[in-house]
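**Student:** Please read through the structure below; I'll follow up with questions.
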Amino acid sequence: MPEKATGNPLQAGNQETSCEHCGAFVLKNSNKCPRCGKFPALIHKCPACGSIAPAKDANCWKCGRMFEPGSDYL
Ligand SMILES: [Zn+2]
Ligand SMILES: [Zn+2]
């Protein structure tokens with residue numbers, strides 16, 4: 001069986017988020033914003049609907065689910 005390249009591995013996990021301070025795109029596994037250097041900020045990712053919310057929010061702005069303190073962070 002000849003091997004075929006299936007898909008682009010770079011698309012598998014697009015681990016990008018945005019800086020809370022300047023809005024620049026930052027890779028999830030980086031520890032600094034390349035633009036302002038203030039990253040990371042803690043950001044919630046709602047397990048229910050997948051929305052991104054600031055860590056200071058207690059509930060999802062979209063579906064209202066309460067975030068678990070200390071978890072649900074990106
Ligand atoms: Zn920034
Ligand atoms: Zn939600």
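Just remember, in the structure tokens the first chain shown is A, the second B, etc., residues are 1-based per chain, and ligands are 1-based in the order shown.
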List as a PyMOL selection string the protein and nucleic acid residues lying within 10 Å of ligand 1, with only C-alpha atoms and all ligand atoms counted.
**Tutor:** chain A and resi 18-26+32-41
**Student:** Could you pull out the residues sitting within 8 Å of ligand 2, using only C-alpha atoms and all ligand atoms, and write them as a list in words?
**Tutor:**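 These are the residues that qualify: Lys45, Cys46, Pro47, Ala48, Cys49, Gly50, Ser51, Asn59, Cys60, Trp61, Lys62, Cys63, Gly64 and Arg65 of chain A.
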**Student:** Quick one: write out the picked residues with C-alpha atoms as a short mmCIF file (atom, residue, chain, number, x, y, z; two decimals), in the first residue's frame?
**Tutor:**
data_model
loop_
_atom_site.label_atom_id
_atom_site.label_comp_id
_atom_site.auth_asym_id
_atom_site.auth_seq_id
_atom_site.Cartn_x
_atom_site.Cartn_y
_atom_site.Cartn_z
CA LYS A 45 -13.03 28.26 27.89
CA CYS A 46 -16.61 27.29 28.50
CA PRO A 47 -16.92 23.50 28.51
CA ALA A 48 -20.54 23.78 27.54
CA CYS A 49 -20.48 26.04 24.51
CA GLY A 50 -16.78 26.62 23.85
CA SER A 51 -16.88 30.38 24.26
CA ASN A 59 -20.21 32.82 34.27
CA CYS A 60 -20.14 32.23 30.56
CA TRP A 61 -21.37 35.32 28.75
CA LYS A 62 -23.04 33.16 26.17
CA CYS A 63 -24.71 30.24 27.87
CA GLY A 64 -24.49 31.34 31.50
CA ARG A 65 -22.69 28.25 32.73
#
**Student:** Among the residues of region 23-69 of chain A, find those DSSP assigns to strand (DSSP E or B) from the backbone and print them as a PyMOL selection string.
**Tutor:** chain A and resi 25-27+43-45+52-54+59+66
